[in-house]
Amino acid sequence: MKVSEKLENLKKREAKIKEMGGKARIDKQKVKGKLTARERLDHLFDEGTFREIDMFVKHRSTNFGMETIEIPSDGVITGHGKVNGRPVFAYSQDFTSRGGSLGEKHAAKITKVMDLAMKAGVPIVGINDSGGARVEEGLDALKGYGDIFFRNSRASGVIPQISIIMGPCAGGAVYSPAMTDFIFMVDKKSYMFITGPSVIETVTGEKTTFEDLGGAMTHNSKSGVAHFACKDDEDAIYQVKVLLSYLPDNNMDDPPIFNNGDDPNRLCPELDTIIPDSTKAGYDMKAVIQSIVDNGQFFEPHEYYAQNALIGFARMNGRPVGIIANQPMFLAGCLDINASDKISRFIRFCDAFNFPIITFVDVPGYLPGTDQEWGGVIRHGAKLLWSYSEATVPKLTVTTRKSYGGAYIAMSSIHLGADMLFAWPTAEQAVMGAQGAVNIVASYRKQLKEATDPKAKRQELINEYETAFNTPYIAAERGYIDAIIQPSETRIRLIDALEIMITKKEALPPKKHGNIPV
């Protein structure tokens with residue numbers, strides 16, 4: 001065969017593989033409003049930068065007549081390219097090719113790019129759209145999942161791992177995304193579950209739907225498995241690119257600084273009036289965050305889950321930071337099981353990838369109730385204590401209003417290693433609120449018992465307690481607060497603190513790992 005014929009043969013083979021599962025199956029994908037596996041990669045990577053590897057890989061199964069079946073690229077496209085000018089590895093499962101089912105070679109292609117991403121020290125993005133394990137390949141398929149899970153664990157905390165769910169994801173296929181750092185789902189088009197609705201009905205008699213059982217909003221609002229709910233494939237990929245713009249390539253790098261033109265010496269006068277006069281009234285902590293961070297841009301994972309807590313990424317004077325806050329608009333900002341888990345995992349991600357952590361505190365305590373106690377709020381709340389204590393990145397805290405009891409300690413107090421703690425004059429730091437204190441303090445109870453007008457006396461004692469204890473000044477006297485500041489100056493003070501603490505060096509005692517109360 002002549003050289004020209006060999007070159008032409010290569011082109012024909014590539015063209016045939018790029019047809020994926022064929023026009024009929026691609027059209028079916030399009031009718032559902034979904035991009036193809038290759039189109040998704042084209043949207044993710046900067047134009048002309050994607051380089052495919054292992055295009056010609058084939059399965060080697062001979063079970064159930066599989067030797068006669070061609071699966072283009074064995075149902076997954078793998079390779080590397082640049083996103084926003086920075087290197088990224090990715091794989092994209094092709095549902096048009098045998099349902100994107102995972103077999104031995106399909107898994108081997110994925111593990112290869114995972115290994116390469118680790119060697120290169122760059123993020124990896126997995127686009128999941130698969131019917132699950134390829135049954136015809138039996139244990140070889142299950143072995144493939146195990147190989148992927150093993151690498152997810154080894155890569156955790158070393159390189160960012162991002163999963164996009166763009167179709168069904170069932171059985172063993174859900175565990176790899178769950179082991180990655182962030183999961184994006186497409187509303188009404190992607191699903192995650194261990195067992196599907198038909199199996200559940202057969203075994204338990206319970207009737208449910210794909211959407212209610214494992215849809216995007218289910219996992220974004222109820223289970224907390226997913227972090228983002230996106231309107232379509234294009235939106236999901238856009239959101240991934242935004243996330244990547246905040247992240248470092250690996251755990252040895254710092255997040256990329258971007259000069260976005262927002263004045264570091266800008267005051268935030270609106271914050272001087274944002275706290276209501278009534279301590280029972282709520283206010284939007286997200287508005288506080290958006291006022292302080294660069295250009296008001298706050299990128300928020302888990303927006304619909306445990307809404308009494310906020311987590312997200314922002315920039316301060318161009319430097320990416322992790323933001324954590326209580327949200328008084330939901331459950332009065334109380335900590336509970338889900339909020340503790342949400343915050344704890346985010347702390348550990350920020351610490352692994354060198355994000356300074358800024359915490360905004362307005363917390364009346366842990367949410368009371370039998371459901372919380374029986375659900376293990378002690379264990380889940382301990383994760384929060386653990387994670388803040390373990391983190392060695394710069395940690396800054398701003399107390400805006402309430403900070404009571406155990407929740408005072410848990411929300412990045414000086415006692416858990418916060419480097420600098422600022423408080424607004426509206427801060428209330430105490431063992432508990434005045435209402436509860438009047439019921440418990442012995443001398444107060446005695447005065448109430450002896451009072452001729454218990455209602456008036458009770459209000460008098462509440463006022464007395466609030467004046468004496470529900471202020472930031474006692475904590476400041478003991479050195480538990482570094483500065484009491486005007487709310488309008490918060491941005492300036494945080495940026496100054498970040499600049500001085502960014503060179504912080506702190507090492508944990510030598511050990512294999514701690515035993516976090518999972």
# chains A, B, ... in the order shown; residues from 1 in each chain; ligands from 1
call {"tool": "closest_atom_pairs", "arguments": {"of": "stretch 220-276 of chain A", "to": "stretch 186-209 of chain A", "cutoff": "6 Å", "atoms": "only C-alpha atoms", "output": "tab-separated table"}}
result
residue	atom	partner	partner_atom	distance
A:Ala229	CA	A:Val186	CA	5.8
A:Cys230	CA	A:Val186	CA	4.8
A:Lys231	CA	A:Asp187	CA	5.5
A:Asp232	CA	A:Val186	CA	5.5
call {"tool": "closest_atom_pairs", "arguments": {"of": "stretch 109-220 of chain A", "to": "stretch 354-358 of chain A", "cutoff": "12 Å", "atoms": "only C-alpha atoms", "output": "JSON lines"}}
result
{"residue": "A:Gly157", "atom": "CA", "partner": "A:Asn354", "partner_atom": "CA", "distance": 10.3}
{"residue": "A:Val158", "atom": "CA", "partner": "A:Asn354", "partner_atom": "CA", "distance": 11.1}
{"residue": "A:Ile159", "atom": "CA", "partner": "A:Asn354", "partner_atom": "CA", "distance": 11.8}
{"residue": "A:Pro160", "atom": "CA", "partner": "A:Asn354", "partner_atom": "CA", "distance": 11.8}
call {"tool": "write_last_selection", "arguments": {"atoms": "C-alpha atoms", "output": "compact mmCIF listing (two decimals), in the first residue's frame"}}
result
# COMPACT_ATOMS: atom_id res chain seq x y z
CA GLY A 157 -6.77 16.34 47.12
CA VAL A 158 -4.04 16.18 44.46
CA ILE A 159 -5.84 17.35 41.31
CA PRO A 160 -9.34 18.79 40.95
call {"tool": "residues_around", "arguments": {"residues": "stretch 282-299 of chain A", "least_positions_apart": "2", "cutoff": "6 Å", "atoms": "only C-alpha atoms", "output": "list in words"}}
result
Asp262, Gly312, Phe313, Ala314, Arg315, Met316, Gln327, Pro328, Met329 and Arg491 of chain A
call {"tool": "select_by_dssp", "arguments": {"residues": "stretch 101-166 of chain A", "states": "helix (DSSP H, G or I)", "output": "MDAnalysis selection string"}}
result
chainID A and resid 104:120 135:137 139:155
call {"tool": "write_last_selection", "arguments": {"atoms": "N, CA and C atoms", "output": "CSV table (one decimal), in the first residue's frame"}}
result
chain,number,residue,atom,x,y,z
A,104,GLU,N,-14.3,-3.4,29.8
A,104,GLU,CA,-12.9,-3.4,30.2
A,104,GLU,C,-12.1,-2.3,29.5
A,105,LYS,N,-12.2,-2.2,28.2
A,105,LYS,CA,-11.3,-1.2,27.5
A,105,LYS,C,-11.9,0.2,27.6
A,106,HIS,N,-13.2,0.3,27.7
A,106,HIS,CA,-13.8,1.6,28.0
A,106,HIS,C,-13.2,2.2,29.3
A,107,ALA,N,-13.2,1.3,30.4
A,107,ALA,CA,-12.6,1.7,31.6
A,107,ALA,C,-11.1,2.0,31.5
A,108,ALA,N,-10.4,1.2,30.8
A,108,ALA,CA,-9.0,1.4,30.6
A,108,ALA,C,-8.6,2.7,30.0
A,109,LYS,N,-9.5,3.2,29.1
A,109,LYS,CA,-9.3,4.5,28.4
A,109,LYS,C,-9.4,5.6,29.5
A,110,ILE,N,-10.5,5.5,30.4
A,110,ILE,CA,-10.7,6.5,31.4
A,110,ILE,C,-9.5,6.5,32.4
A,111,THR,N,-9.1,5.3,32.8
A,111,THR,CA,-8.0,5.3,33.8
A,111,THR,C,-6.7,5.8,33.3
A,112,LYS,N,-6.5,5.6,31.9
A,112,LYS,CA,-5.3,6.2,31.3
A,112,LYS,C,-5.3,7.7,31.5
A,113,VAL,N,-6.4,8.4,31.1
A,113,VAL,CA,-6.4,9.8,31.2
A,113,VAL,C,-6.3,10.3,32.7
A,114,MET,N,-6.9,9.5,33.6
A,114,MET,CA,-6.8,9.8,35.0
A,114,MET,C,-5.3,9.7,35.4
A,115,ASP,N,-4.6,8.7,35.0
A,115,ASP,CA,-3.2,8.6,35.3
A,115,ASP,C,-2.4,9.7,34.7
A,116,LEU,N,-2.7,10.1,33.5
A,116,LEU,CA,-2.0,11.1,32.8
A,116,LEU,C,-2.2,12.5,33.5
A,117,ALA,N,-3.5,12.7,33.9
A,117,ALA,CA,-3.8,13.9,34.7
A,117,ALA,C,-3.0,14.0,36.0
A,118,MET,N,-2.8,12.9,36.7
A,118,MET,CA,-2.1,12.9,37.9
A,118,MET,C,-0.6,13.2,37.6
A,119,LYS,N,-0.1,12.5,36.6
A,119,LYS,CA,1.3,12.8,36.2
A,119,LYS,C,1.6,14.2,35.8
A,120,ALA,N,0.7,14.8,35.1
A,120,ALA,CA,0.8,16.2,34.6
A,120,ALA,C,0.4,17.2,35.7
A,135,VAL,N,-23.0,-5.6,30.5
A,135,VAL,CA,-23.3,-6.9,31.1
A,135,VAL,C,-22.5,-8.0,30.4
A,136,GLU,N,-22.4,-7.9,29.1
A,136,GLU,CA,-21.8,-8.9,28.3
A,136,GLU,C,-20.3,-9.2,28.7
A,137,GLU,N,-19.7,-8.2,29.4
A,137,GLU,CA,-18.3,-8.3,29.8
A,137,GLU,C,-18.1,-8.8,31.2
A,139,LEU,N,-17.4,-9.6,34.9
A,139,LEU,CA,-16.5,-9.1,35.9
A,139,LEU,C,-15.5,-8.2,35.4
A,140,ASP,N,-15.2,-8.3,34.1
A,140,ASP,CA,-14.2,-7.4,33.5
A,140,ASP,C,-14.7,-5.9,33.6
A,141,ALA,N,-16.0,-5.8,33.4
A,141,ALA,CA,-16.6,-4.4,33.5
A,141,ALA,C,-16.6,-3.9,35.0
A,142,LEU,N,-16.9,-4.8,35.9
A,142,LEU,CA,-16.9,-4.4,37.3
A,142,LEU,C,-15.4,-4.1,37.8
A,143,LYS,N,-14.5,-4.9,37.2
A,143,LYS,CA,-13.1,-4.6,37.5
A,143,LYS,C,-12.7,-3.2,37.0
A,144,GLY,N,-13.3,-2.8,35.9
A,144,GLY,CA,-13.1,-1.5,35.3
A,144,GLY,C,-13.5,-0.4,36.2
A,145,TYR,N,-14.7,-0.6,36.8
A,145,TYR,CA,-15.2,0.4,37.8
A,145,TYR,C,-14.3,0.5,39.0
A,146,GLY,N,-13.9,-0.6,39.5
A,146,GLY,CA,-13.0,-0.6,40.6
A,146,GLY,C,-11.7,0.1,40.4
A,147,ASP,N,-11.2,-0.1,39.1
A,147,ASP,CA,-9.9,0.7,38.8
A,147,ASP,C,-10.1,2.2,38.8
A,148,ILE,N,-11.3,2.6,38.3
A,148,ILE,CA,-11.6,4.0,38.3
A,148,ILE,C,-11.8,4.6,39.8
A,149,PHE,N,-12.5,3.8,40.6
A,149,PHE,CA,-12.7,4.3,42.0
A,149,PHE,C,-11.4,4.4,42.7
A,150,PHE,N,-10.5,3.5,42.5
A,150,PHE,CA,-9.2,3.5,43.1
A,150,PHE,C,-8.5,4.8,42.8
A,151,ARG,N,-8.5,5.1,41.5
A,151,ARG,CA,-7.8,6.4,41.1
A,151,ARG,C,-8.5,7.6,41.5
A,152,ASN,N,-9.9,7.6,41.6
A,152,ASN,CA,-10.6,8.7,42.2
A,152,ASN,C,-10.0,9.0,43.6
A,153,SER,N,-9.9,8.0,44.4
A,153,SER,CA,-9.4,8.1,45.8
A,153,SER,C,-8.0,8.7,45.8
A,154,ARG,N,-7.1,8.1,45.0
A,154,ARG,CA,-5.7,8.5,45.0
A,154,ARG,C,-5.5,10.0,44.4
A,155,ALA,N,-6.4,10.4,43.5
A,155,ALA,CA,-6.3,11.7,43.0
A,155,ALA,C,-6.9,12.8,43.9
call {"tool": "closest_residue", "arguments": {"among": "A:Asn250, A:Ser221, A:Ser403, A:Gln435", "to": "A:Glu303", "atoms": "only C-alpha atoms"}}
result
A:Ser221
call {"tool": "select_by_dssp", "arguments": {"residues": "stretch 88-192 of chain A", "states": "strand (DSSP E or B)", "output": "list of chain:residue names"}}
result
A:Val88, A:Phe89, A:Ala90, A:Tyr91, A:Ser92, A:Gln93, A:Leu102, A:Ile124, A:Val125, A:Gly126, A:Ile127, A:Asn128, A:Ala133, A:Gln161, A:Ile162, A:Ser163, A:Ile164, A:Ile165, A:Pro168, A:Cys169, A:Ala170, A:Phe182, A:Ile183, A:Phe184, A:Met185, A:Val186, A:Tyr191, A:Met192
call {"tool": "atom_distance", "arguments": {"atom1": "atom CA of A:Cys350", "atom2": "atom CA of A:Glu499"}}
result
17.5 Å
call {"tool": "closest_residue", "arguments": {"among": "A:Tyr305, A:Ala468, A:Val518, A:Gly406", "to": "A:His380", "atoms": "only C-alpha atoms"}}
result
A:Val518
call {"tool": "residues_around", "arguments": {"residues": "A:Arg40", "least_positions_apart": "6", "cutoff": "8 Å", "atoms": "only C-alpha atoms", "output": "list in words"}}
result
Ser92, Asp233, Glu234 and Ile237 of chain A
call {"tool": "write_last_selection", "arguments": {"atoms": "C-alpha atoms", "output": "PDB file, in the first residue's frame"}}
result
ATOM      1  CA  SER A  92     -16.888  11.896  27.496  1.00  0.00           C
ATOM      2  CA  ASP A 233     -25.762  20.656  28.356  1.00  0.00           C
ATOM      3  CA  GLU A 234     -24.359  23.995  27.253  1.00  0.00           C
ATOM      4  CA  ILE A 237     -20.290  23.050  30.484  1.00  0.00           C
TER       5      ILE A 237
END
call {"tool": "residues_around", "arguments": {"residues": "A:Leu310", "least_positions_apart": "6", "cutoff": "7 Å", "atoms": "only C-alpha atoms", "output": "list in words"}}
result
Ile324, Ala325, Asn326 and Gln327 of chain A
call {"tool": "residues_around", "arguments": {"residues": "stretch 48-62 of chain A", "least_positions_apart": "5", "cutoff": "7 Å", "atoms": "only C-alpha atoms", "output": "VMD selection string"}}
result
chain A and resid 67 73 to 74 78 to 82 105 109 137
call {"tool": "residues_around", "arguments": {"residues": "A:Met432", "least_positions_apart": "4", "cutoff": "10 Å", "atoms": "only C-alpha atoms", "output": "JSON, numbers by chain"}}
result
{"A": [364, 365, 402, 403, 404, 405, 406, 407, 408, 428, 436, 437, 438, 469, 470]}
call {"tool": "closest_residue", "arguments": {"among": "A:Gly65, A:Gly333, A:Gly21, A:Gly322", "to": "A:Asp351", "atoms": "only C-alpha atoms"}}
result
A:Gly322
call {"tool": "atom_distance", "arguments": {"atom1": "atom CA of A:Ile495", "atom2": "atom CA of A:Asp277"}}
result
28.2 Å
